[in-house]
>>> print(open('my_file-v2.pdb').read())   # PDB, C-alpha atoms and all ligand atoms
ATOM      1  CA  MET A  10      -8.499  50.281  16.157
ATOM      2  CA  ASN A  11     -11.941  49.263  17.396
ATOM      3  CA  TRP A  12     -12.019  45.492  17.966
ATOM      4  CA  MET A  13     -15.587  45.373  19.241
ATOM      5  CA  PRO A  14     -17.344  44.552  15.885
ATOM      6  CA  LEU A  15     -14.811  41.800  15.226
ATOM      7  CA  LEU A  16     -15.292  40.318  18.690
ATOM      8  CA  VAL A  17     -19.089  40.468  18.374
ATOM      9  CA  MET A  18     -18.964  38.787  14.944
ATOM     10  CA  ASN A  19     -16.659  36.015  16.195
ATOM     11  CA  GLY A  20     -18.855  35.532  19.262
ATOM     12  CA  LEU A  21     -21.936  35.238  17.060
ATOM     13  CA  LEU A  22     -20.244  32.686  14.804
ATOM     14  CA  LEU A  23     -19.170  30.678  17.845
ATOM     15  CA  VAL A  24     -22.716  30.662  19.243
ATOM     16  CA  ILE A  25     -24.164  29.595  15.868
ATOM     17  CA  THR A  26     -21.580  26.818  15.550
ATOM     18  CA  VAL A  27     -22.346  25.512  19.037
ATOM     19  CA  LEU A  28     -26.112  25.671  18.397
ATOM     20  CA  LEU A  29     -25.763  23.765  15.105
ATOM     21  CA  GLY A  30     -23.649  21.113  16.830
ATOM     22  CA  VAL A  31     -26.155  20.725  19.660
ATOM     23  CA  ALA A  32     -29.102  20.609  17.235
ATOM     24  CA  ASP A  33     -27.355  17.964  15.132
ATOM     25  CA  ARG A  34     -26.729  15.848  18.235
ATOM     26  CA  LEU A  35     -30.182  16.192  19.775
ATOM     27  CA  LEU A  36     -32.596  16.622  16.883
ATOM     28  CA  VAL A  37     -31.202  14.490  14.091
ATOM     29  CA  THR A  38     -31.342  10.705  14.290
ATOM     30  CA  TYR A  39     -29.937   8.539  11.549
ATOM     31  CA  GLY A  40     -31.058   5.192  12.953
ATOM     32  CA  ARG A  41     -29.094   1.995  12.555
ATOM     33  CA  CYS A  42     -26.663   1.912   9.671
ATOM     34  CA  ARG A  43     -24.769  -0.994   8.190
ATOM     35  CA  VAL A  44     -21.026  -0.637   7.704
ATOM     36  CA  THR A  45     -19.475  -3.135   5.296
ATOM     37  CA  ILE A  46     -15.734  -3.574   4.964
ATOM     38  CA  ARG A  47     -14.702  -5.053   1.638
ATOM     39  CA  ARG A  48     -11.692  -7.352   1.904
ATOM     40  CA  LYS A  49     -10.005  -9.803  -0.434
ATOM     41  CA  GLU A  50     -10.883 -12.655   1.910
ATOM     42  CA  GLY A  51     -14.560 -11.597   2.167
ATOM     43  CA  ASP A  52     -16.786  -8.807   3.412
ATOM     44  CA  GLN A  53     -17.230  -7.967   7.087
ATOM     45  CA  SER A  54     -20.399  -6.127   8.156
ATOM     46  CA  PHE A  55     -21.709  -4.686  11.369
ATOM     47  CA  ASP A  56     -24.484  -2.307  12.395
ATOM     48  CA  VAL A  57     -23.876   0.966  14.212
ATOM     49  CA  GLN A  58     -25.985   3.857  15.422
ATOM     50  CA  GLY A  59     -25.802   6.553  12.755
ATOM     51  CA  GLY A  60     -24.424   9.984  13.492
ATOM     52  CA  GLY A  61     -20.897   9.024  14.515
ATOM     53  CA  THR A  62     -17.781   9.184  12.402
ATOM     54  CA  LEU A  63     -16.507   6.274  10.396
ATOM     55  CA  LEU A  64     -13.209   6.397  12.300
ATOM     56  CA  ALA A  65     -14.977   6.142  15.669
ATOM     57  CA  CYS A  66     -17.151   3.207  14.611
ATOM     58  CA  LEU A  67     -14.218   1.328  13.067
ATOM     59  CA  THR A  68     -12.160   1.871  16.205
ATOM     60  CA  GLU A  69     -15.053   0.612  18.367
ATOM     61  CA  GLN A  70     -15.111  -2.541  16.258
ATOM     62  CA  GLY A  71     -11.389  -3.083  16.854
ATOM     63  CA  ILE A  72     -10.413  -2.176  13.302
ATOM     64  CA  GLU A  73      -7.233  -0.163  13.415
ATOM     65  CA  ILE A  74      -7.022   2.902  11.221
ATOM     66  CA  SER A  75      -3.938   5.118  11.229
ATOM     67  CA  SER A  76      -4.497   8.367  13.056
ATOM     68  CA  SER A  77      -2.098  10.744  14.690
ATOM     69  CA  CYS A  78      -4.445  13.676  15.287
ATOM     70  CA  GLY A  79      -7.132  11.743  17.128
ATOM     71  CA  GLY A  80      -9.821  12.372  14.521
ATOM     72  CA  LYS A  81      -9.442  16.141  14.226
ATOM     73  CA  GLY A  82      -8.890  16.019  10.469
ATOM     74  CA  SER A  83      -5.384  17.462  10.584
ATOM     75  CA  CYS A  84      -3.023  14.524   9.968
ATOM     76  CA  GLY A  85      -4.518  12.958   6.832
ATOM     77  CA  TYR A  86      -3.540   9.403   7.860
ATOM     78  CA  CYS A  87      -7.003   7.900   8.291
ATOM     79  CA  LYS A  88      -7.660   7.315   4.594
ATOM     80  CA  VAL A  89     -10.132   4.666   3.541
ATOM     81  CA  ARG A  90     -11.820   4.090   0.209
ATOM     82  CA  VAL A  91     -15.571   4.613   0.387
ATOM     83  CA  VAL A  92     -17.200   2.275  -2.125
ATOM     84  CA  GLU A  93     -20.861   3.030  -1.323
ATOM     85  CA  GLY A  94     -22.500   5.818   0.701
ATOM     86  CA  GLY A  95     -20.528   8.354   2.671
ATOM     87  CA  GLY A  96     -21.782  11.452   0.839
ATOM     88  CA  GLN A  97     -19.630  14.056  -0.848
ATOM     89  CA  ILE A  98     -15.995  14.655   0.027
ATOM     90  CA  LEU A  99     -15.582  17.660   2.337
ATOM     91  CA  PRO A 100     -13.250  20.594   1.688
ATOM     92  CA  THR A 101     -11.408  19.640   4.883
ATOM     93  CA  GLU A 102     -10.532  16.300   3.261
ATOM     94  CA  GLU A 103      -9.608  17.547  -0.198
ATOM     95  CA  ILE A 104      -6.320  19.093   0.911
ATOM     96  CA  PHE A 105      -5.072  15.621   1.874
ATOM     97  CA  MET A 106      -6.108  13.904  -1.347
ATOM     98  CA  SER A 107      -4.460  13.716  -4.730
ATOM     99  CA  ARG A 108      -6.651  13.919  -7.787
ATOM    100  CA  GLN A 109      -6.306  10.146  -8.238
ATOM    101  CA  GLU A 110      -7.334   9.472  -4.635
ATOM    102  CA  ARG A 111     -10.407  11.674  -5.029
ATOM    103  CA  SER A 112     -11.422   9.861  -8.197
ATOM    104  CA  GLU A 113     -10.989   6.511  -6.407
ATOM    105  CA  GLY A 114     -13.291   7.570  -3.561
ATOM    106  CA  MET A 115     -10.648   7.960  -0.873
ATOM    107  CA  ARG A 116     -11.903   9.764   2.215
ATOM    108  CA  LEU A 117     -10.679  10.638   5.686
ATOM    109  CA  ALA A 118     -12.470   8.232   8.023
ATOM    110  CA  CYS A 119     -12.600  10.875  10.754
ATOM    111  CA  GLN A 120     -14.530  13.255   8.493
ATOM    112  CA  VAL A 121     -17.099  10.795   7.143
ATOM    113  CA  LYS A 122     -20.244  10.929   9.221
ATOM    114  CA  ILE A 123     -22.329   7.777   9.043
ATOM    115  CA  LYS A 124     -25.816   8.804   7.959
ATOM    116  CA  ASN A 125     -26.777   5.689   5.997
ATOM    117  CA  ASP A 126     -25.319   2.345   4.945
ATOM    118  CA  VAL A 127     -21.714   2.584   3.852
ATOM    119  CA  ALA A 128     -19.211   0.198   2.275
ATOM    120  CA  ILE A 129     -15.477   0.797   2.488
ATOM    121  CA  ALA A 130     -12.102  -0.739   1.721
ATOM    122  CA  VAL A 131      -9.367  -0.273   4.305
ATOM    123  CA  PRO A 132      -5.804   0.118   3.026
ATOM    124  CA  ASP A 133      -3.226  -2.434   4.087
ATOM    125  CA  LEU A 134      -0.691   0.098   5.343
ATOM    126  CA  LEU A 135       1.946  -2.498   6.129
ATOM    127  CA  GLU A 136       1.878  -3.650   2.526
ATOM    128  CA  ILE A 137       1.969  -0.034   1.271
ATOM    129  CA  VAL A 138       5.019   0.769   3.402
ATOM    130  CA  ARG A 139       6.636  -2.505   2.351
ATOM    131  CA  GLN A 140       6.169  -1.570  -1.314
ATOM    132  CA  MET A 141       7.594   1.907  -0.661
ATOM    133  CA  ALA A 142      10.687   0.332   0.875
ATOM    134  CA  VAL A 143      11.056  -2.270  -1.883
ATOM    135  CA  ASN A 144      10.645   0.351  -4.632
ATOM    136  CA  ASN A 145      12.716   2.921  -2.725
ATOM    137  CA  LYS A 146       9.886   5.461  -3.144
ATOM    138  CA  PHE A 147       9.476   6.637   0.425
ATOM    139  CA  ASP A 148       9.847  10.381   0.652
ATOM    140  CA  THR A 149       9.057  12.020   3.982
ATOM    141  CA  ARG A 150       8.585  15.400   2.307
ATOM    142  CA  LYS A 151       5.583  14.188   0.341
ATOM    143  CA  ARG A 152       2.088  13.760   1.690
ATOM    144  CA  TRP A 153       0.842  10.299   2.503
ATOM    145  CA  ARG A 154      -0.762   8.863  -0.646
ATOM    146  CA  VAL A 155      -2.795   5.691  -0.488
ATOM    147  CA  THR A 156      -4.344   3.443  -3.102
ATOM    148  CA  VAL A 157      -6.758   0.685  -2.177
ATOM    149  CA  HIS A 158      -7.718  -1.944  -4.708
TER     150      HIS A 158
HETATM  151  S1  LIG A 201      -7.416  11.047  12.102
HETATM  152 FE1  LIG A 201      -6.129  12.638  11.474
HETATM  153  S2  LIG A 201      -7.049  13.294   9.660
HETATM  154 FE2  LIG A 201      -8.358  11.732  10.299
END
>>> encode(input="my_file-v2.pdb", output="structure tokens")
Amino acid sequence: MNWMPLLVMNGLLLVITVLLGVADRLLVTYGRCRVTIRRKEGDQSFDVQGGGTLLACLTEQGIEISSSCGGKGSCGYCKVRVVEGGGQILPTEEIFMSRQERSEGMRLACQVKIKNDVAIAVPDLLEIVRQMAVNNKFDTRKRWRVTVH
């Protein structure tokens, strides 16, 4: 079998992907964006340079978000509810979301690129796990499902 066309096609796709990534980094500026975290006890806001991921900016601000894949979009633990902004959910996120989570605006923080002002609600994971234990509903075979009110 001749592998050359396949190798050339994969090489071309790799070059295009790298060029798009470089162009996005160097040519596109989003300016300053306001990130607002909605909490029961009151909102918290801070400004960041647009273009980074929500997970990265929250981590820089000392706000802990669960993550076991380091922001690669493969663990599904970094769920937050996007209340305003954030754009459309990506196909890479949909596999981690139930229909209910999608309808509630849940997103993977590592996949949300900050391009404009955004408002989010961060799940209280300790309380979620506590409720799972109290209700005896923890099942390690199921995907991690989160609801933020
Ligand atoms: S950090 Fe793993 S999916 Fe977002």
>>> axis_aligned_box(input="my_file-v2.pdb", around="ligand LIG 201 (chain A)", padding_each_side="8 Å", output="AutoDock Vina command-line options")
--center_x -7.2 --center_y 12.2 --center_z 10.9 --size_x 18.2 --size_y 18.2 --size_z 18.4
>>> closest_residue(input="my_file-v2.pdb", among="A:Leu28, A:Val127, A:Leu23, A:Cys87", to="ligand LIG 201 (chain A)", atoms="only C-alpha atoms and all ligand atoms")
A:Cys87
>>> residues_around(input="my_file-v2.pdb", residues="Arg41 of chain A", least_positions_apart="6", cutoff="10 Å", atoms="all atoms listed in the file", output="NGL selection string")
:A and (56-60 or 123-126)
>>> atom_distance(input="my_file-v2.pdb", atom1="atom CA of Ser83 of chain A", atom2="atom CA of Arg108 of chain A")
18.8 Å
>>> resolve_selection(input="my_file-v2.pdb", expression="the PyMOL selection byres (((chain A and resi 93-105) around 9) and not hetatm)", output="MDAnalysis selection string")
chainID A and resid 63 82:86 91:92 106:108 111 114:117 120:129 152:154
>>> write_last_selection(input="my_file-v2.pdb", atoms="C-alpha atoms", output="short mmCIF file (atom, residue, chain, number, x, y, z; two decimals), in the frame of the given file")
data_model
loop_
_atom_site.label_atom_id
_atom_site.label_comp_id
_atom_site.auth_asym_id
_atom_site.auth_seq_id
_atom_site.Cartn_x
_atom_site.Cartn_y
_atom_site.Cartn_z
CA LEU A 63 -16.51 6.27 10.40
CA GLY A 82 -8.89 16.02 10.47
CA SER A 83 -5.38 17.46 10.58
CA CYS A 84 -3.02 14.52 9.97
CA GLY A 85 -4.52 12.96 6.83
CA TYR A 86 -3.54 9.40 7.86
CA VAL A 91 -15.57 4.61 0.39
CA VAL A 92 -17.20 2.28 -2.12
CA MET A 106 -6.11 13.90 -1.35
CA SER A 107 -4.46 13.72 -4.73
CA ARG A 108 -6.65 13.92 -7.79
CA ARG A 111 -10.41 11.67 -5.03
CA GLY A 114 -13.29 7.57 -3.56
CA MET A 115 -10.65 7.96 -0.87
CA ARG A 116 -11.90 9.76 2.22
CA LEU A 117 -10.68 10.64 5.69
CA GLN A 120 -14.53 13.26 8.49
CA VAL A 121 -17.10 10.80 7.14
CA LYS A 122 -20.24 10.93 9.22
CA ILE A 123 -22.33 7.78 9.04
CA LYS A 124 -25.82 8.80 7.96
CA ASN A 125 -26.78 5.69 6.00
CA ASP A 126 -25.32 2.35 4.94
CA VAL A 127 -21.71 2.58 3.85
CA ALA A 128 -19.21 0.20 2.28
CA ILE A 129 -15.48 0.80 2.49
CA ARG A 152 2.09 13.76 1.69
CA TRP A 153 0.84 10.30 2.50
CA ARG A 154 -0.76 8.86 -0.65
#
>>> atom_distance(input="my_file-v2.pdb", atom1="atom FE1 of ligand LIG 201 (chain A)", atom2="atom CA of Ala118 of chain A")
8.5 Å
>>> closest_residue(input="my_file-v2.pdb", among="A:Glu73, A:Glu50, A:Asp33, A:Glu110", to="ligand LIG 201 (chain A)", atoms="only C-alpha atoms and all ligand atoms")
A:Glu73
>>> closest_residue(input="my_file-v2.pdb", among="A:Arg139, A:Lys88, A:Lys49, A:Arg34", to="ligand LIG 201 (chain A)", atoms="all atoms listed in the file")
A:Lys88
>>> atom_distance(input="my_file-v2.pdb", atom1="atom CA of Arg90 of chain A", atom2="atom CA of Pro132 of chain A")
7.7 Å
>>> closest_residue(input="my_file-v2.pdb", among="A:Leu64, A:Ala130, A:Leu35, A:Ile137", to="ligand LIG 201 (chain A)", atoms="all atoms listed in the file")
A:Leu64
>>> closest_residue(input="my_file-v2.pdb", among="A:Met141, A:Leu135, A:Ile72, A:Ala65", to="ligand LIG 201 (chain A)", atoms="all atoms listed in the file")
A:Ala65
>>> closest_residue(input="my_file-v2.pdb", among="A:Ser75, A:Gln109, A:Val131, A:Gly20", to="ligand LIG 201 (chain A)", atoms="all atoms listed in the file")
A:Ser75
